[in-house]
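**Q** Before anything else, here's the structure in question.
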Amino acid sequence: MRKIGIIGLGHVGRLLAHDLVIANKTDQLVLIDRDDALAVGLKTDLENAQTALNTRTKIILQDYAALRNVDILITTFGNSSLLKKEQMAELIRNGEAVREIAPLVKQSGFDGIVLNISDPNEAITAYLQQQLALPTEQVIGIGTTIDTARMRQSVAKAAELSSQNVSGFVYGQHNGDKVFAWSTVTVNGQKLDESINGHHLDQNQLRINADLDNWYTFKGLGYSASAIVAWTLKIISAILGDGELSVSVAIYQPQYSGYVSFPTLLNRNGQGHPLLFNLYPVEVAAVKTAVGAIQQQLTVLQQGGKIND
Ligand SMILES: NC(=O)c1ccc[n+]([C@@H]2O[C@H](COP(=O)([O-])OP(=O)(O)OC[C@H]3O[C@@H](n4cnc5c(N)ncnc54)[C@H](O)[C@@H]3O)[C@@H](O)[C@H]2O)c1
């Protein structure tokens with residue numbers, strides 16, 4: 001039996017719940033939010049939706065104890081409207097949410113895989129791992145998955161190809177010290193310093209275009225959900241046993257003694273092997289800078305940062 005939990009039923013959590021039910025990706029779904037009316041509304045809507053389906057997902061509401069035998073717990077708590085003010089504005093609030101949620105998850109006896117979406121992603125993932133006291137392999141964050149997808153799409157558009165032809169990764173810190181590791185990027189096996197499909201690609205412009213996608217999404221919608229949910233579903237499939245997936249996710253990287261977004265092979269056990277590329281020295285230095293920035297945020301969280309506004 002497949003069982004998934006979601007904590008936080010805002011834009012991301014509720015779209016994810018919808019897709020899991022519609023595509024029959026789980027047998028049981030535990031839904032939790034601090035807003036009772038929102039949780040009840042979502043459960044009712046999803047149960048009504050199932051009248052049009054030939055499949056059935058059992059929905060369990062607001063019950064931390066039901067997380068005991070969950071395979072994957074997706075954390076999507078937060079307040080994404082704060083991002084309009086400042087990219088790291090959720091740090092303190094989401095730190096408080098971790099301190100509220102973690103004892104309840106622990107008490108349930110949960111021993112599955114945590115996939116954290118909440119931001120600032122790497123620091124909140126690291127803090128969740130510490131507060132849940134689970135092995136690092138079991139606690140991963142979505143990290144720079146979307147940044148990587150946007151980078152590949154930016155390269156693909158410039159080369160007039162589909163993004164399936166592009167490989168390579170963004171390392172570091174989602175929405176912060178992102179490291180576009182151009183040394184890892186290839187288009188059908190060709191490095192970017194060669195002419196690609198008749199185009200000479202400018203890395204600065206590629207980066208600007210990738211970042212612009214984020215800007216347009218937030219300016220128009222005020223949040224982002226579709227891309228993150230699509231990649232979360234791909235990761236869930238890999239963890240539930242459909243094979244292995246290489247993504248740039250927030251993992252504990254012993255080489256850097258901390259959590260950082262790093263290309264990794266995900267499989268049934270959660271974090272599989274980190275993928276080790278020969279980065280340019282400037283890229284290694286940038287990853288170290290990102291690790292330092294993530295560690296600073298983690299220190300704020302560990303010191304019990306409080307909201308003073
Ligand atoms: N890493 C990425 O690429 C990426 C992309 C999109 C969103 N995000 C992040 O994901 C998180 C969710 O985004 P969203 O747009 O759905 O946010 P949202 O503000 O729409 O919803 C957050 C939900 O979390 C709930 N919540 C807050 N604290 C809680 C707690 N202690 N216990 C239970 N529920 C709690 C709120 O009631 C709300 O329903 C945010 O942190 C956002 O920044 C990350």
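Chain labels A, B, ... are given in the sequence in which chains occur in the structure tokens; within each chain residues are numbered consecutively from 1, and ligands are likewise numbered from 1 in the order shown.
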Do you have, as a tab-separated table, the list of residues of chain A lying at most 7 Å from ligand 1, each with its nearest atom pair and that distance in Å to one decimal, counting only C-alpha atoms and all ligand atoms and ordered by chain then number?

**A**
```
residue	atom	partner	partner_atom_place_in_ligand_line	distance
A:Ile7	CA	ligand 1	33 (C)	5.6
A:Gly8	CA	ligand 1	24 (O)	3.6
A:Leu9	CA	ligand 1	39 (O)	4.4
A:Gly10	CA	ligand 1	21 (O)	3.1
A:His11	CA	ligand 1	16 (O)	3.7
A:Val12	CA	ligand 1	16 (O)	3.8
A:Gly13	CA	ligand 1	16 (O)	5.5
A:Ile32	CA	ligand 1	33 (C)	6.1
A:Asp33	CA	ligand 1	34 (N)	3.7
A:Arg34	CA	ligand 1	33 (C)	4.0
A:Asp35	CA	ligand 1	37 (O)	5.1
A:Thr76	CA	ligand 1	12 (C)	4.4
A:Phe77	CA	ligand 1	24 (O)	3.4
A:Gly78	CA	ligand 1	41 (O)	4.1
A:Asn79	CA	ligand 1	19 (O)	3.3
A:Ser80	CA	ligand 1	19 (O)	4.1
A:Ser81	CA	ligand 1	19 (O)	5.9
A:Leu83	CA	ligand 1	43 (O)	6.9
A:Glu90	CA	ligand 1	41 (O)	6.5
A:Asn94	CA	ligand 1	28 (N)	6.9
A:Ala97	CA	ligand 1	31 (N)	3.9
A:Val98	CA	ligand 1	31 (N)	6.8
A:Glu100	CA	ligand 1	31 (N)	5.8
A:Ile101	CA	ligand 1	31 (N)	5.9
A:Ile117	CA	ligand 1	10 (O)	4.9
A:Ser118	CA	ligand 1	41 (O)	3.5
A:Asp119	CA	ligand 1	41 (O)	4.1
A:Pro120	CA	ligand 1	41 (O)	6.9
A:Asn121	CA	ligand 1	1 (N)	5.6
A:Ile142	CA	ligand 1	1 (N)	5.7
A:Gly143	CA	ligand 1	1 (N)	5.7
A:Thr144	CA	ligand 1	3 (O)	6.8
A:Thr145	CA	ligand 1	3 (O)	7.0
A:Ile146	CA	ligand 1	3 (O)	5.5
A:His174	CA	ligand 1	1 (N)	6.4
A:Tyr223	CA	ligand 1	15 (O)	5.3
A:Ser224	CA	ligand 1	6 (C)	4.9
A:Ala225	CA	ligand 1	6 (C)	5.4
A:Ile228	CA	ligand 1	5 (C)	5.4
```

**Q** Next, the residues of the selection above should be written as an mmCIF file, in the first residue's frame with N, CA and C atoms.

**A**
```cif
data_model
loop_
_atom_site.group_PDB
_atom_site.id
_atom_site.type_symbol
_atom_site.label_atom_id
_atom_site.label_comp_id
_atom_site.auth_asym_id
_atom_site.auth_seq_id
_atom_site.Cartn_x
_atom_site.Cartn_y
_atom_site.Cartn_z
ATOM 1 N N ILE A 7 2.060 18.155 4.582
ATOM 2 C CA ILE A 7 1.814 19.163 5.633
ATOM 3 C C ILE A 7 1.936 20.542 4.997
ATOM 4 N N GLY A 8 0.818 21.269 4.986
ATOM 5 C CA GLY A 8 0.773 22.594 4.342
ATOM 6 C C GLY A 8 -0.036 22.479 3.064
ATOM 7 N N LEU A 9 -1.257 23.043 3.080
ATOM 8 C CA LEU A 9 -2.178 22.831 1.952
ATOM 9 C C LEU A 9 -2.466 24.139 1.213
ATOM 10 N N GLY A 10 -1.419 24.933 1.030
ATOM 11 C CA GLY A 10 -1.561 26.174 0.263
ATOM 12 C C GLY A 10 -1.506 25.877 -1.232
ATOM 13 N N HIS A 11 -0.961 26.823 -1.999
ATOM 14 C CA HIS A 11 -0.945 26.660 -3.466
ATOM 15 C C HIS A 11 -0.286 25.338 -3.882
ATOM 16 N N VAL A 12 0.873 25.043 -3.277
ATOM 17 C CA VAL A 12 1.625 23.859 -3.695
ATOM 18 C C VAL A 12 0.981 22.587 -3.147
ATOM 19 N N GLY A 13 0.703 22.569 -1.840
ATOM 20 C CA GLY A 13 0.171 21.358 -1.202
ATOM 21 C C GLY A 13 -1.141 20.913 -1.820
ATOM 22 N N ILE A 32 -2.583 17.661 6.174
ATOM 23 C CA ILE A 32 -2.512 18.425 7.430
ATOM 24 C C ILE A 32 -2.243 19.906 7.115
ATOM 25 N N ASP A 33 -2.993 20.789 7.760
ATOM 26 C CA ASP A 33 -2.722 22.230 7.676
ATOM 27 C C ASP A 33 -3.159 22.853 8.995
ATOM 28 N N ARG A 34 -2.548 23.989 9.329
ATOM 29 C CA ARG A 34 -2.958 24.636 10.587
ATOM 30 C C ARG A 34 -4.345 25.271 10.435
ATOM 31 N N ASP A 35 -4.815 25.414 9.184
ATOM 32 C CA ASP A 35 -6.133 25.992 8.912
ATOM 33 C C ASP A 35 -7.137 24.842 8.713
ATOM 34 N N THR A 76 5.063 21.251 2.751
ATOM 35 C CA THR A 76 4.788 22.420 1.913
ATOM 36 C C THR A 76 4.169 23.530 2.764
ATOM 37 N N PHE A 77 4.571 23.588 4.038
ATOM 38 C CA PHE A 77 4.068 24.657 4.908
ATOM 39 C C PHE A 77 4.798 25.963 4.565
ATOM 40 N N GLY A 78 4.218 27.064 4.964
ATOM 41 C CA GLY A 78 4.880 28.345 4.730
ATOM 42 C C GLY A 78 3.895 29.467 4.588
ATOM 43 N N ASN A 79 4.378 30.545 4.001
ATOM 44 C CA ASN A 79 3.524 31.690 3.664
ATOM 45 C C ASN A 79 4.192 32.359 2.472
ATOM 46 N N SER A 80 3.861 31.850 1.279
ATOM 47 C CA SER A 80 4.615 32.276 0.094
ATOM 48 C C SER A 80 4.354 33.734 -0.264
ATOM 49 N N SER A 81 3.305 34.364 0.314
ATOM 50 C CA SER A 81 3.069 35.781 -0.012
ATOM 51 C C SER A 81 4.201 36.650 0.560
ATOM 52 N N LEU A 83 7.211 36.185 0.096
ATOM 53 C CA LEU A 83 8.281 36.252 -0.897
ATOM 54 C C LEU A 83 8.190 37.522 -1.742
ATOM 55 N N GLU A 90 10.732 33.999 4.515
ATOM 56 C CA GLU A 90 10.037 32.901 5.201
ATOM 57 C C GLU A 90 10.908 32.203 6.237
ATOM 58 N N ASN A 94 9.098 29.829 8.888
ATOM 59 C CA ASN A 94 9.171 28.384 8.618
ATOM 60 C C ASN A 94 10.011 27.654 9.662
ATOM 61 N N ALA A 97 7.577 26.973 12.261
ATOM 62 C CA ALA A 97 6.714 25.858 11.826
ATOM 63 C C ALA A 97 7.414 24.520 12.054
ATOM 64 N N VAL A 98 8.714 24.468 11.789
ATOM 65 C CA VAL A 98 9.468 23.217 12.011
ATOM 66 C C VAL A 98 9.411 22.835 13.491
ATOM 67 N N GLU A 100 7.168 23.521 15.569
ATOM 68 C CA GLU A 100 5.788 23.117 15.919
ATOM 69 C C GLU A 100 5.485 21.704 15.379
ATOM 70 N N ILE A 101 5.920 21.461 14.149
ATOM 71 C CA ILE A 101 5.529 20.235 13.438
ATOM 72 C C ILE A 101 6.393 19.028 13.841
ATOM 73 N N ILE A 117 9.634 20.963 0.606
ATOM 74 C CA ILE A 117 9.491 21.983 -0.444
ATOM 75 C C ILE A 117 9.631 23.379 0.165
ATOM 76 N N SER A 118 9.326 23.509 1.461
ATOM 77 C CA SER A 118 9.283 24.823 2.111
ATOM 78 C C SER A 118 10.638 25.523 2.028
ATOM 79 N N ASP A 119 10.573 26.838 1.944
ATOM 80 C CA ASP A 119 11.774 27.661 1.760
ATOM 81 C C ASP A 119 12.147 28.414 3.032
ATOM 82 N N PRO A 120 13.354 28.923 3.154
ATOM 83 C CA PRO A 120 14.508 28.734 2.279
ATOM 84 C C PRO A 120 14.898 27.258 2.312
ATOM 85 N N ASN A 121 14.919 26.652 1.156
ATOM 86 C CA ASN A 121 14.815 25.204 1.096
ATOM 87 C C ASN A 121 15.937 24.427 1.777
ATOM 88 N N ILE A 142 13.720 19.872 -2.122
ATOM 89 C CA ILE A 142 13.571 20.009 -3.581
ATOM 90 C C ILE A 142 14.710 20.869 -4.152
ATOM 91 N N GLY A 143 15.302 21.713 -3.275
ATOM 92 C CA GLY A 143 16.534 22.443 -3.612
ATOM 93 C C GLY A 143 16.468 23.195 -4.934
ATOM 94 N N THR A 144 17.478 22.971 -5.772
ATOM 95 C CA THR A 144 17.556 23.705 -7.048
ATOM 96 C C THR A 144 17.004 22.883 -8.215
ATOM 97 N N THR A 145 16.068 21.991 -7.917
ATOM 98 C CA THR A 145 15.439 21.197 -8.986
ATOM 99 C C THR A 145 14.819 22.112 -10.046
ATOM 100 N N ILE A 146 14.042 23.103 -9.591
ATOM 101 C CA ILE A 146 13.344 23.980 -10.545
ATOM 102 C C ILE A 146 14.340 24.933 -11.217
ATOM 103 N N HIS A 174 18.774 27.354 -3.546
ATOM 104 C CA HIS A 174 17.595 27.812 -4.282
ATOM 105 C C HIS A 174 17.244 29.230 -3.843
ATOM 106 N N TYR A 223 2.757 33.390 -6.839
ATOM 107 C CA TYR A 223 3.293 32.143 -6.261
ATOM 108 C C TYR A 223 3.723 31.259 -7.423
ATOM 109 N N SER A 224 4.406 30.151 -7.133
ATOM 110 C CA SER A 224 4.661 29.178 -8.205
ATOM 111 C C SER A 224 4.248 27.811 -7.692
ATOM 112 N N ALA A 225 3.614 27.026 -8.527
ATOM 113 C CA ALA A 225 3.144 25.718 -8.060
ATOM 114 C C ALA A 225 3.258 24.621 -9.125
ATOM 115 N N ILE A 228 6.851 23.027 -9.612
ATOM 116 C CA ILE A 228 7.341 22.328 -8.414
ATOM 117 C C ILE A 228 6.550 21.033 -8.197
#
```

**Q** Could you pull out the residues in stretch 72-229 of chain A that DSSP calls strand (DSSP E or B) from the backbone, as a ChimeraX atom specification?

**A** /A:72-75,113-116,139-141,166-167,170-172,178-180,186-187,190-191,196,199

**Q** Name the residues of stretch 56-302 of chain A that fall into helix (DSSP H, G or I) according to DSSP on the backbone, using the chain letters and numbers of this document, as a ChimeraX atom specification.

**A** /A:64-67,80-84,91-108,121-132,136-138,145-159,163-165,182-184,203-221,226-242,254-256,281-302

**Q** Please list as a list in words every residue within 10 Å of A:Gln131, counting only C-alpha atoms and excluding residues in the same chain fewer than 6 positions away.

**A** Val98, Arg99, Ile101, Ala102, Pro103, Val105, Lys106, Thr125 and Gln302 of chain A

**Q** Write out as a list in words each polymer residue whose atoms come within 7 Å of A:Leu115, counting only C-alpha atoms; drop sequence neighbours fewer than 5 positions from it.

**A**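 These residues fall inside the cut-off: Leu73, Ile74, Thr75, Val139, Ile140, Gly141 and Ile142 of chain A.
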
**Q** Write the selection just made, keeping N, CA and C atoms, as a short mmCIF file (atom, residue, chain, number, x, y, z; two decimals), in the first residue's frame?

**A**
```
data_model
loop_
_atom_site.label_atom_id
_atom_site.label_comp_id
_atom_site.auth_asym_id
_atom_site.auth_seq_id
_atom_site.Cartn_x
_atom_site.Cartn_y
_atom_site.Cartn_z
N LEU A 73 6.72 11.86 3.19
CA LEU A 73 6.06 13.02 3.78
C LEU A 73 6.55 14.26 3.04
N ILE A 74 5.61 14.97 2.42
CA ILE A 74 5.97 16.18 1.67
C ILE A 74 5.65 17.39 2.55
N THR A 75 6.62 18.24 2.81
CA THR A 75 6.36 19.42 3.64
C THR A 75 6.26 20.65 2.75
N VAL A 139 16.06 12.59 4.64
CA VAL A 139 15.49 13.95 4.60
C VAL A 139 16.16 14.74 3.47
N ILE A 140 15.38 14.99 2.43
CA ILE A 140 15.92 15.73 1.29
C ILE A 140 15.01 16.93 0.99
N GLY A 141 15.55 17.88 0.28
CA GLY A 141 14.76 19.06 -0.10
C GLY A 141 14.72 19.16 -1.61
N ILE A 142 13.72 19.87 -2.12
CA ILE A 142 13.57 20.01 -3.58
C ILE A 142 14.71 20.87 -4.15
#
```

**Q** For stretch 278-285 of chain A, list every protein, DNA or RNA residue within 12 Å, evaluated using only C-alpha atoms, and leave out those in the same chain fewer than 2 positions away; present the list as a list in words.

**A**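 Everything that qualifies: Gly168, Phe169, Val170, Tyr171, Gly172, Asp177, Lys178, Val179, Phe180, Ala181, Trp182, Ser183, Thr184, Val185, Gln255, Tyr256, Phe262, Pro263, Leu275, Leu276, Val287, Lys288, Thr289, Ala290, Val291 and Gly292 of chain A.
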
**Q** Just the residues within 12 Å of stretch 233-239 of chain A, please, counting only C-alpha atoms, with nothing from its chain fewer than 3 positions along; format it as JSON, numbers by chain.

**A** {"A": [2, 3, 4, 5, 12, 13, 15, 16, 17, 18, 19, 20, 21, 23, 24, 25, 26, 71, 72, 73, 74, 112, 113, 114, 115, 116, 117, 138, 140, 141, 142, 145, 226, 227, 228, 229, 230, 242, 243, 244, 245, 246, 247, 248, 249, 264, 265, 266, 267, 268, 269, 270, 271, 272]}

**Q** Mind giving me the straight-line distance from atom CA of A:Thr57 to atom CA of A:Gly109 in Å, one decimal?

**A**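 About the pair atom CA of A:Thr57 and atom CA of A:Gly109: they are 22.6 Å apart.
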
**Q** Go through A:Tyr216, A:Gly222, A:Pro274, A:Glu160 one by one, measure the shortest atom-to-atom distance of each to A:His200 using only C-alpha atoms, and give the residue with the smallest value.

**A**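 Result for the nearest residue to A:His200: A:Glu160.
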
**Q** Hey, what's within 8 Å of A:Val187 if we count only C-alpha atoms and toss same-chain stuff fewer than 4 positions away? As a list in words, please?

**A** Asn165, Val166, Ser167, Lys191, Leu192 and Ile196 of chain A

**Q** To one decimal in Å, tell me the separation between atom CA of A:Asp211 and atom CA of A:His273.

**A** 28.1 Å
